[in-house]
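Below is one structure, written out as C-alpha cells, with a few remarks after it.
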Amino acid sequence: MPVPSHPTAAIPSVSPRERADAAWTRDHWLALADRLLTAARGFASPGGARITYPGAEGGYGADVDGLEGFARTFLLAAFRIAGSRGIGTEDLAEDFRRGIVAGVDPLAPDRWVRLDEHAQAKVEAASLALGLDMTRPWIWDRLDQATQARVIAYLAPVVGDDTYPRTNWLWFRVVVQTFLRSVGGPWSEADIAADLALHDSLVREDGWISDGIERSYDHYVGWALHVYPMLWSRMQGAMDLAAPRHDADVARLDRFLQDAVHLVGGDGSPLIQGRSLIYRFAAAAPFWAGVLAEVPSVPLGRLRGAATAVVSHFVEHGVPNAEGVLDLGWHGPWRALAQSYSGPGSPYWAVKGLLGILLPGDHPVWAAPVEPLPIAQADELRAVRAAGWIVSATREDGIVRVINHGTDHAPEGALVGDSPLYARIGYSTTTSPLLDERAWEDPVEQSVTLVDRRGRATHRAAMQLLGVEVQGHGDARVGVASSLCRPHWITPVRSAAQHGSGLAGAVEVAGTMLVHSIVRGPWEVRLVRLTEPAATTEPRQLRIGGWALAADAVEQALLPAGADAGSGAWAFAGDRRSGIRALSDGAVPAFDVRADASPLGPEAVVPTLTFAARAEHWYAVLIELTGRSSRSWGTVGSAVVDDAQTSVAVTWPDGTATTSRLTHPGVAPPANR
C-alpha cells in the first residue's frame, strides 16, 4: 500500500510550554497520516481487503478485526486522497480500490464480513460509504460495473434494518443509505427521517447530545454525534435531505465547541473520561468539524490549535508506536482501557482526529494565525448543564478538571453499579479513573460511599442532578453542583460484554444521600449529608475519595486524625499533587493503593478520608488536584453550612472567603444556572 513520499516527513515534538505558540503545518499532518498508512501496508491481506494489525484477537473474532482495520484505515486514506485532489496519491487509491474489489467478492478468501453476518459490519460500513463518497473520482468511478453492483449489494441490508442500537449508530445507517441513494442503490426516506428524528431527540442544552437515552456524555458527543452530521451534509446529494436542518446542526456544533475547547489540558490531553478512550486523538475531530461547518463563534486559528494540541500530545507520548501502529491503550499499550469487543483495528477510529487533511492546502485554516488553548491564557470556570459538570481549568498547572453530578451512563432512576468511566464525581486531563476489575465493584477515587461491616461500598448511579451553575465574581467566583442519590450496595452479575456501563445485579438501598460540590481553581469543597439512613442495614463508615494519581511510583504523606491542622492525605507523582483534608471532625485518613489499575502508570494511589456514618449530619472535606509546586494548602480552610441549609460559607486555602447558594430537593435552581 504505497503512500505519497512527502517532503516534510518529520513530525515535530512540541513541549507543553511551547504549544501555545507552535502549530503543525499541513505538511506535519500529512506526515503523520502517511506514517500510519505506510505501516498499514505491512498488515494487509494478500488481496488487500483486510488489514489485521498486530495484537490479540478482538472480542468479535479475526474476520471482524480485518474488516475493521481496513474500513477505519480507508477513512484516513480517503481524507488523504480527497484533500490532495488525487494528486500524488494514485498508488494509495489503487491499493484500496483493489481491496474493495476483493472485499465484496463472495469467493475471495479475504472477503468482508457481511452486514447480515455480524452487527459490527454495520459500523464499518459507514466508514466504507464515507470513504467511497469522498474518493468518488479516484476509486468508485474506476470500479468495474460488477464490483459496483457488489458494493451496493454489500451495503443494501441497512435498508429497513431496525436492529441498530438507538445511539450514535443511527448515523451509520444514515450515511450508508445516503451513499446508496447517490449511486442508484436501494434506500429508504422513512429510515433516514426516523434516524434524524432520533438524533434530534438526543439533543440537550447548549449543543450537547446524549449518546442514547442513558445519561451518556463523553467524547462520542464530539467525534460521532457532531462530526457525522457535518460529513453527511458534504456527501453527494445529501443536501437534498440535510438542507432543512443544516443551520440547526451547525448552531449546535458551534455552541458545543465553545465548551469543548475548554476541555483540552495545557499539555494537549483530552479529558480521560468515558468509553472508547483507545480512540485517543479522535477527540480532535469536532474541532475539524467546526472548520468544515464554518462555525461563527470559534475562530479557525483556535480550532486548528486545539486539534493540533490533542494530536501532538499523543505523538509526544509515543503514539503511534515504533511500528507505526495505534495499539490498544492511551500513551502506551494498556488493554484494560478497551471495551470487551475491541480488536487490534479498533483504535483506528483515531483517524477522525486527522480529518483536517481533507481540507486542501489552499483552505483558509492553514493560513489562519493559530490561537493558544484557552487554558494557556487564563483560569476558567464554567457549567455544562446537560452533563451536570463544573469545569475548572487552571493556567498555572495546565489541568482541566470536571466535577460531575449528572453523568453516569445509566437511565435516570436505574440502580446499577457505578461505571468508573462515567459515574465518578471527578475527571481530569491528568488523572485516570481506576479501571482494574475491582474498580467496577468498589468505587474509591472521586467518590462518596457508605461502607458496610463486610467492606462493601455503595454506588451512586441514577443520582438526581439538582443544579449546576457558576456563582460570584472575580476571585470569589465558584462553581456549584449538587445531586441526590440513593446509595446502594450491589451484588453484581458480570457479563462478558463490557461496553462501559456499570454492573447490573441485586440491589440493597442504603438510604438517601445529598452531595454538594463547591469548586474554585484546583480545589473542591465536598459537602455530604446522609438524609435517610436505611432501616434494615446500618452503614459503618462514610468514605470520601480524592483524585487517583498514577506513575511508576507515587509518594504518600499522611496527617493523622487529631492533628491540630486537620487530618488529611496527599499523593505526589511527578509534578502532580492529589490531596484530601477534613473540614469536619472525626476523619481517619488513608490511601488506597492499586497495581496496574491505570493507563497512566503501574502504581495508582487514592487519598481517602473515612468518618463514622451519622444521619442528618454534614460532612465537609477539601479536595485538591494541582501541580506539585504551583499552590500551597496555606491555611486549612473551612466550610460552614447555614442553619437553613441553603448556603455555605467557605474559607479557601489562599484565604479567599465565599458564600454560595445550595440547591436542595424540591428547591428550583436559579433561572440563570
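Simple scheme: letters A, B, ... for chains in C-alpha cells order, numbers from 1 for residues in each chain, numbers from 1 for ligands in the order shown.
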(message) Neighbouring residues of Leu358 of chain A were defined as those with any atom within 6 Å, considering only C-alpha atoms; residues of the same chain fewer than 4 positions away were excluded. Please report them as number ranges by chain.
(response) A: 79, 82-83
So that I can see what lies close to Ser482 of chain A, please list as a JSON list (two decimals) with N, CA and C atoms, in the first residue's frame the residues with an atom at most 10 Å from it, counting only C-alpha atoms and leaving out residues fewer than 5 positions away in the same chain.
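The new file out25.json reads:
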```json
[["chain", "number", "residue", "atom", "x", "y", "z"],
["A", 388, "GLY", "N", -24.23, 18.00, 33.66],
["A", 388, "GLY", "CA", -24.14, 18.20, 35.11],
["A", 388, "GLY", "C", -22.71, 18.37, 35.57],
["A", 389, "TRP", "N", -21.89, 19.08, 34.78],
["A", 389, "TRP", "CA", -20.47, 19.24, 35.07],
["A", 389, "TRP", "C", -20.14, 20.68, 35.45],
["A", 404, "ASN", "N", -18.53, 16.13, 38.42],
["A", 404, "ASN", "CA", -19.67, 15.52, 37.74],
["A", 404, "ASN", "C", -20.81, 15.20, 38.71],
["A", 405, "HIS", "N", -21.99, 15.76, 38.43],
["A", 405, "HIS", "CA", -23.18, 15.43, 39.20],
["A", 405, "HIS", "C", -24.36, 15.02, 38.32],
["A", 406, "GLY", "N", -24.11, 14.76, 37.02],
["A", 406, "GLY", "CA", -25.23, 14.44, 36.16],
["A", 406, "GLY", "C", -25.00, 13.36, 35.12],
["A", 463, "MET", "N", -28.15, 8.99, 40.18],
["A", 463, "MET", "CA", -28.29, 10.18, 41.01],
["A", 463, "MET", "C", -29.14, 11.23, 40.28],
["A", 464, "GLN", "N", -29.77, 12.07, 41.05],
["A", 464, "GLN", "CA", -30.61, 13.14, 40.51],
["A", 464, "GLN", "C", -29.83, 14.44, 40.55],
["A", 465, "LEU", "N", -29.60, 15.02, 39.39],
["A", 465, "LEU", "CA", -28.94, 16.32, 39.32],
["A", 465, "LEU", "C", -29.89, 17.39, 39.86],
["A", 466, "LEU", "N", -29.43, 18.11, 40.88],
["A", 466, "LEU", "CA", -30.25, 19.16, 41.47],
["A", 466, "LEU", "C", -29.94, 20.54, 40.90],
["A", 467, "GLY", "N", -28.72, 20.74, 40.49],
["A", 467, "GLY", "CA", -28.36, 22.04, 39.94],
["A", 467, "GLY", "C", -26.89, 22.10, 39.62],
["A", 468, "VAL", "N", -26.54, 22.93, 38.64],
["A", 468, "VAL", "CA", -25.14, 23.17, 38.30],
["A", 468, "VAL", "C", -25.05, 24.59, 37.77],
["A", 469, "GLU", "N", -24.19, 25.39, 38.38],
["A", 469, "GLU", "CA", -24.10, 26.80, 38.00],
["A", 469, "GLU", "C", -22.78, 27.38, 38.48],
["A", 514, "LEU", "N", -27.22, 13.35, 50.02],
["A", 514, "LEU", "CA", -27.12, 14.63, 49.34],
["A", 514, "LEU", "C", -25.65, 15.02, 49.26],
["A", 515, "VAL", "N", -25.19, 15.39, 48.06],
["A", 515, "VAL", "CA", -23.79, 15.78, 47.86],
["A", 515, "VAL", "C", -23.75, 17.11, 47.13],
["A", 516, "HIS", "N", -22.99, 18.07, 47.69],
["A", 516, "HIS", "CA", -22.74, 19.35, 47.04],
["A", 516, "HIS", "C", -21.24, 19.47, 46.76],
["A", 517, "SER", "N", -20.90, 20.03, 45.60],
["A", 517, "SER", "CA", -19.51, 20.35, 45.29],
["A", 517, "SER", "C", -19.40, 21.85, 45.06],
["A", 518, "ILE", "N", -18.52, 22.48, 45.83],
["A", 518, "ILE", "CA", -18.20, 23.89, 45.64],
["A", 518, "ILE", "C", -16.79, 23.93, 45.07],
["A", 526, "ARG", "N", -16.31, 19.45, 49.24],
["A", 526, "ARG", "CA", -17.37, 18.47, 49.05],
["A", 526, "ARG", "C", -18.16, 18.34, 50.35],
["A", 527, "LEU", "N", -19.46, 18.59, 50.26],
["A", 527, "LEU", "CA", -20.36, 18.51, 51.40],
["A", 527, "LEU", "C", -21.27, 17.30, 51.23],
["A", 662, "LEU", "N", -26.98, 26.87, 47.92],
["A", 662, "LEU", "CA", -27.07, 25.43, 47.76],
["A", 662, "LEU", "C", -28.46, 25.06, 47.26],
["A", 663, "THR", "N", -28.53, 24.10, 46.36],
["A", 663, "THR", "CA", -29.80, 23.63, 45.84],
["A", 663, "THR", "C", -30.15, 22.32, 46.53],
["A", 664, "HIS", "N", -31.39, 22.20, 47.00],
["A", 664, "HIS", "CA", -31.84, 21.01, 47.70],
["A", 664, "HIS", "C", -33.03, 20.41, 46.97],
["A", 665, "PRO", "N", -33.36, 19.17, 47.25],
["A", 665, "PRO", "CA", -34.54, 18.56, 46.62],
["A", 665, "PRO", "C", -35.77, 19.41, 46.86]]
```
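The gap separating atom CA of His409 of chain A from atom CA of Glu214 of chain A is 5.4 Å, in Å to one decimal.
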(message) as a PyMOL selection string, please: every residue in segment 388-539 of chain A that DSSP puts in strand (DSSP E or B).
(response) chain A and resi 389-394+399-404+426-428+447-451+457+459+464-471+478-485+488-493+504-509+511-520+523-533
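Nearest residue to Leu354 of chain A, choosing from A:Thr308, A:Ser269, A:Thr431, A:Ser188 and counting only C-alpha atoms: A:Thr308.
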(request) Would you mind listing what lies within 7 Å of Ala93 of chain A as a ChimeraX atom specification, with only C-alpha atoms counted and same-chain residues fewer than 4 positions away left out? (result) /A:89,97,138-139
Please dump the current selection as an mmCIF file, in the first residue's frame; keep C-alpha atoms.
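Printed below is again_32.cif as written:
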```
data_model
loop_
_atom_site.group_PDB
_atom_site.id
_atom_site.type_symbol
_atom_site.label_atom_id
_atom_site.label_comp_id
_atom_site.auth_asym_id
_atom_site.auth_seq_id
_atom_site.Cartn_x
_atom_site.Cartn_y
_atom_site.Cartn_z
ATOM 1 C CA THR A 89 -1.998 9.540 -4.215
ATOM 2 C CA ARG A 97 -9.540 0.030 -4.873
ATOM 3 C CA TRP A 138 -10.392 8.098 -7.904
ATOM 4 C CA ILE A 139 -11.942 4.884 -6.578
#
```
Non-local contacts of segment 57-68 of chain A (10 Å; only C-alpha atoms; under 3 positions in same chain excluded) as a tab-separated table (two decimals) with C-alpha atoms, in the first residue's frame:
```tsv
chain	number	residue	atom	x	y	z
A	43	PHE	CA	-0.63	-5.82	7.73
A	44	ALA	CA	-2.84	-6.06	4.64
A	45	SER	CA	-4.08	-9.44	3.39
A	49	ALA	CA	-9.40	-6.43	1.63
A	50	ARG	CA	-8.40	-6.87	5.25
A	51	ILE	CA	-5.89	-5.06	7.40
A	52	THR	CA	-5.22	-7.05	10.55
A	53	TYR	CA	-2.99	-5.13	12.91
A	54	PRO	CA	-0.77	-6.97	15.41
A	71	ALA	CA	-12.52	0.30	6.93
A	72	ARG	CA	-11.04	2.64	9.51
A	73	THR	CA	-7.72	2.92	7.69
A	74	PHE	CA	-9.63	3.55	4.45
A	103	GLY	CA	-13.83	-7.32	-0.05
A	110	ASP	CA	-10.31	-12.25	2.46
A	111	ARG	CA	-13.82	-11.06	1.66
A	112	TRP	CA	-15.51	-8.79	4.16
A	113	VAL	CA	-17.85	-9.98	6.87
A	114	ARG	CA	-21.33	-9.11	5.63
A	118	HIS	CA	-22.17	-9.63	12.18
A	119	ALA	CA	-23.53	-6.34	13.54
A	120	GLN	CA	-20.06	-4.77	13.73
A	121	ALA	CA	-20.03	-4.73	9.93
A	123	VAL	CA	-20.37	0.21	11.95
A	124	GLU	CA	-17.58	-0.33	9.45
A	125	ALA	CA	-19.96	0.09	6.51
A	127	SER	CA	-16.53	4.32	7.03
A	339	GLN	CA	-14.02	-2.44	25.78
A	340	SER	CA	-14.59	-6.19	25.56
A	341	TYR	CA	-15.38	-6.03	21.85
A	342	SER	CA	-12.28	-4.07	20.86
A	343	GLY	CA	-9.77	-5.60	18.48
A	344	PRO	CA	-6.41	-4.50	17.09
A	345	GLY	CA	-8.05	-2.40	14.39
A	346	SER	CA	-10.42	-0.61	16.78
A	347	PRO	CA	-8.03	2.23	17.74
A	348	TYR	CA	-8.08	3.42	14.14
A	349	TRP	CA	-11.20	5.47	14.75
A	496	ALA	CA	-18.60	-10.98	29.07
A	497	ALA	CA	-19.78	-7.93	27.10
```
(message) I'd like the neighbourhood of Val451 of chain A as a PyMOL selection string, where a residue qualifies if any of its atoms comes within 8 Å (using only C-alpha atoms), though same-chain residues fewer than 4 positions away should be ignored.
(response) chain A and resi 455-458+539-543
(request) Counting only C-alpha atoms, figure out which residue out of A:Ala612, A:Ala322, A:Ile399, A:Ile623 gets nearest to Glu445 of chain A. (result)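 Closest residue, counting only C-alpha atoms: A:Ile623.
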(message) Among segment 336-447 of chain A, which ones does DSSP assign to helix (DSSP H, G or I) (computed from the backbone)? Answer as a list in words.
(response)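 Result set for segment 336-447 of chain A (helix (DSSP H, G or I)): Ala336, Leu337, Ser346, Pro347, Tyr348, Trp349, Ala350, Val351, Lys352, Gly353, Leu354, Leu355, Gly356, Ile357, Leu358, Pro364, Val365, Trp366, Pro374, Ile375, Ala376, Glu437, Arg438, Ala439 and Trp440 of chain A.
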Expected file contents, prior selection, N, CA and C atoms, as a PDB file, in the first residue's frame:
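Contents of the output file again22.pdb:
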```
ATOM      1  N   ALA A 336      -6.659  -2.990  29.257  1.00  0.00           N
ATOM      2  CA  ALA A 336      -7.816  -2.786  30.135  1.00  0.00           C
ATOM      3  C   ALA A 336      -8.582  -1.510  29.806  1.00  0.00           C
ATOM      4  N   LEU A 337      -7.978  -0.608  29.037  1.00  0.00           N
ATOM      5  CA  LEU A 337      -8.675   0.626  28.670  1.00  0.00           C
ATOM      6  C   LEU A 337      -9.728   0.373  27.600  1.00  0.00           C
ATOM      7  N   SER A 346      -9.486  -1.574  16.176  1.00  0.00           N
ATOM      8  CA  SER A 346     -10.415  -0.614  16.785  1.00  0.00           C
ATOM      9  C   SER A 346      -9.816   0.768  17.007  1.00  0.00           C
ATOM     10  N   PRO A 347      -8.559   0.887  17.468  1.00  0.00           N
ATOM     11  CA  PRO A 347      -8.033   2.231  17.741  1.00  0.00           C
ATOM     12  C   PRO A 347      -7.999   3.148  16.531  1.00  0.00           C
ATOM     13  N   TYR A 348      -8.218   2.598  15.342  1.00  0.00           N
ATOM     14  CA  TYR A 348      -8.078   3.423  14.142  1.00  0.00           C
ATOM     15  C   TYR A 348      -9.255   4.359  13.900  1.00  0.00           C
ATOM     16  N   TRP A 349     -10.245   4.354  14.797  1.00  0.00           N
ATOM     17  CA  TRP A 349     -11.200   5.470  14.754  1.00  0.00           C
ATOM     18  C   TRP A 349     -10.488   6.769  15.137  1.00  0.00           C
ATOM     19  N   ALA A 350      -9.289   6.652  15.684  1.00  0.00           N
ATOM     20  CA  ALA A 350      -8.482   7.838  15.975  1.00  0.00           C
ATOM     21  C   ALA A 350      -8.273   8.689  14.731  1.00  0.00           C
ATOM     22  N   VAL A 351      -8.336   8.070  13.550  1.00  0.00           N
ATOM     23  CA  VAL A 351      -8.042   8.833  12.329  1.00  0.00           C
ATOM     24  C   VAL A 351      -9.028   9.972  12.126  1.00  0.00           C
ATOM     25  N   LYS A 352     -10.170   9.926  12.798  1.00  0.00           N
ATOM     26  CA  LYS A 352     -11.089  11.063  12.689  1.00  0.00           C
ATOM     27  C   LYS A 352     -10.423  12.364  13.142  1.00  0.00           C
ATOM     28  N   GLY A 353      -9.460  12.234  14.070  1.00  0.00           N
ATOM     29  CA  GLY A 353      -8.740  13.424  14.525  1.00  0.00           C
ATOM     30  C   GLY A 353      -7.827  14.020  13.477  1.00  0.00           C
ATOM     31  N   LEU A 354      -7.610  13.289  12.358  1.00  0.00           N
ATOM     32  CA  LEU A 354      -6.816  13.796  11.239  1.00  0.00           C
ATOM     33  C   LEU A 354      -7.707  14.284  10.100  1.00  0.00           C
ATOM     34  N   LEU A 355      -8.965  14.513  10.406  1.00  0.00           N
ATOM     35  CA  LEU A 355      -9.939  14.965   9.423  1.00  0.00           C
ATOM     36  C   LEU A 355      -9.469  16.220   8.695  1.00  0.00           C
ATOM     37  N   GLY A 356      -8.631  17.018   9.337  1.00  0.00           N
ATOM     38  CA  GLY A 356      -8.181  18.266   8.727  1.00  0.00           C
ATOM     39  C   GLY A 356      -7.463  18.089   7.412  1.00  0.00           C
ATOM     40  N   ILE A 357      -6.839  16.923   7.176  1.00  0.00           N
ATOM     41  CA  ILE A 357      -6.122  16.760   5.911  1.00  0.00           C
ATOM     42  C   ILE A 357      -7.083  16.620   4.737  1.00  0.00           C
ATOM     43  N   LEU A 358      -8.374  16.466   5.006  1.00  0.00           N
ATOM     44  CA  LEU A 358      -9.370  16.523   3.943  1.00  0.00           C
ATOM     45  C   LEU A 358      -9.421  17.922   3.320  1.00  0.00           C
ATOM     46  N   PRO A 364      -8.441  28.298   3.997  1.00  0.00           N
ATOM     47  CA  PRO A 364      -8.017  29.377   4.911  1.00  0.00           C
ATOM     48  C   PRO A 364      -7.518  28.903   6.265  1.00  0.00           C
ATOM     49  N   VAL A 365      -7.912  27.715   6.728  1.00  0.00           N
ATOM     50  CA  VAL A 365      -7.489  27.285   8.057  1.00  0.00           C
ATOM     51  C   VAL A 365      -5.976  27.146   8.149  1.00  0.00           C
ATOM     52  N   TRP A 366      -5.327  26.785   7.036  1.00  0.00           N
ATOM     53  CA  TRP A 366      -3.881  26.573   7.087  1.00  0.00           C
ATOM     54  C   TRP A 366      -3.108  27.881   7.128  1.00  0.00           C
ATOM     55  N   PRO A 374      -7.505  27.958  25.383  1.00  0.00           N
ATOM     56  CA  PRO A 374      -7.993  28.857  26.431  1.00  0.00           C
ATOM     57  C   PRO A 374      -7.235  28.710  27.744  1.00  0.00           C
ATOM     58  N   ILE A 375      -6.848  27.482  28.106  1.00  0.00           N
ATOM     59  CA  ILE A 375      -6.179  27.258  29.385  1.00  0.00           C
ATOM     60  C   ILE A 375      -4.796  27.903  29.422  1.00  0.00           C
ATOM     61  N   ALA A 376      -4.222  28.192  28.258  1.00  0.00           N
ATOM     62  CA  ALA A 376      -2.918  28.855  28.216  1.00  0.00           C
ATOM     63  C   ALA A 376      -3.042  30.348  28.476  1.00  0.00           C
ATOM     64  N   GLU A 437     -10.297  -4.606  37.717  1.00  0.00           N
ATOM     65  CA  GLU A 437     -11.555  -5.325  37.911  1.00  0.00           C
ATOM     66  C   GLU A 437     -12.276  -4.870  39.180  1.00  0.00           C
ATOM     67  N   ARG A 438     -11.526  -4.612  40.230  1.00  0.00           N
ATOM     68  CA  ARG A 438     -12.138  -4.204  41.498  1.00  0.00           C
ATOM     69  C   ARG A 438     -12.861  -2.862  41.388  1.00  0.00           C
ATOM     70  N   ALA A 439     -12.373  -1.985  40.489  1.00  0.00           N
ATOM     71  CA  ALA A 439     -12.930  -0.631  40.392  1.00  0.00           C
ATOM     72  C   ALA A 439     -14.405  -0.632  40.019  1.00  0.00           C
ATOM     73  N   TRP A 440     -14.856  -1.677  39.327  1.00  0.00           N
ATOM     74  CA  TRP A 440     -16.253  -1.731  38.907  1.00  0.00           C
ATOM     75  C   TRP A 440     -17.185  -2.088  40.057  1.00  0.00           C
TER      76      TRP A 440
END
```
(request) Might you pull out every residue within 7 Å of Ala78 of chain A, with only C-alpha atoms counted and same-chain residues fewer than 5 positions away left off, and present them as a list in words? (result) Gly131, Met134 and Thr135 of chain A
Residue neighbourhood Gly185 of chain A, 7 Å, only C-alpha atoms, exclusion window fewer than 4 positions, as a PDB file with N, CA and C atoms, in the first residue's frame:
```
ATOM      1  N   ILE A 152     -22.938  -2.253  -3.794  1.00  0.00           N
ATOM      2  CA  ILE A 152     -24.322  -1.884  -3.482  1.00  0.00           C
ATOM      3  C   ILE A 152     -25.020  -3.027  -2.755  1.00  0.00           C
ATOM      4  N   LEU A 180     -25.849   4.961  -0.900  1.00  0.00           N
ATOM      5  CA  LEU A 180     -26.630   4.097  -1.789  1.00  0.00           C
ATOM      6  C   LEU A 180     -27.554   4.923  -2.680  1.00  0.00           C
ATOM      7  N   ARG A 181     -28.178   5.901  -2.096  1.00  0.00           N
ATOM      8  CA  ARG A 181     -29.073   6.777  -2.867  1.00  0.00           C
ATOM      9  C   ARG A 181     -28.334   7.452  -4.014  1.00  0.00           C
TER      10      ARG A 181
END
```
(message) Let me make sure I understand: among A:Leu277, A:Ala40, A:Ala77, A:Ala224, which one has the smallest atom-to-atom distance to Leu328 of chain A if we use only C-alpha atoms?
(response)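 For Leu328 of chain A, the nearest of the given residues is A:Leu277.
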(message) Please report the interatomic distance between atom CA of Arg35 of chain A and atom CA of Arg98 of chain A in Å with one decimal.
(response) 20.7 Å
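Nearest residue to Ser201 of chain A among A:Thr167, A:Trp618, A:Leu75, A:Pro229 is A:Thr167, counting only C-alpha atoms.
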(request) Name the closest residue to Gly99 of chain A among the candidates A:Gly637, A:Pro46, A:Gly86, A:Gly266; distances are taken between atoms, counting only C-alpha atoms. (result)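 Between A:Gly637, A:Pro46, A:Gly86, A:Gly266, the residue approaching Gly99 of chain A most closely is A:Pro46.
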(request) For atom CA of Leu36 of chain A and atom CA of Phe70 of chain A, quote the distance in Å rounded to one decimal. (result)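 Between these atoms lies a distance of 12.4 Å.
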(request) Could you check which of A:His317, A:Trp330, A:Val480, A:Gly305 is closest to Pro369 of chain A, using only C-alpha atoms? (result)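 Looking at the shortest contact to Pro369 of chain A, the residue is A:Gly305.
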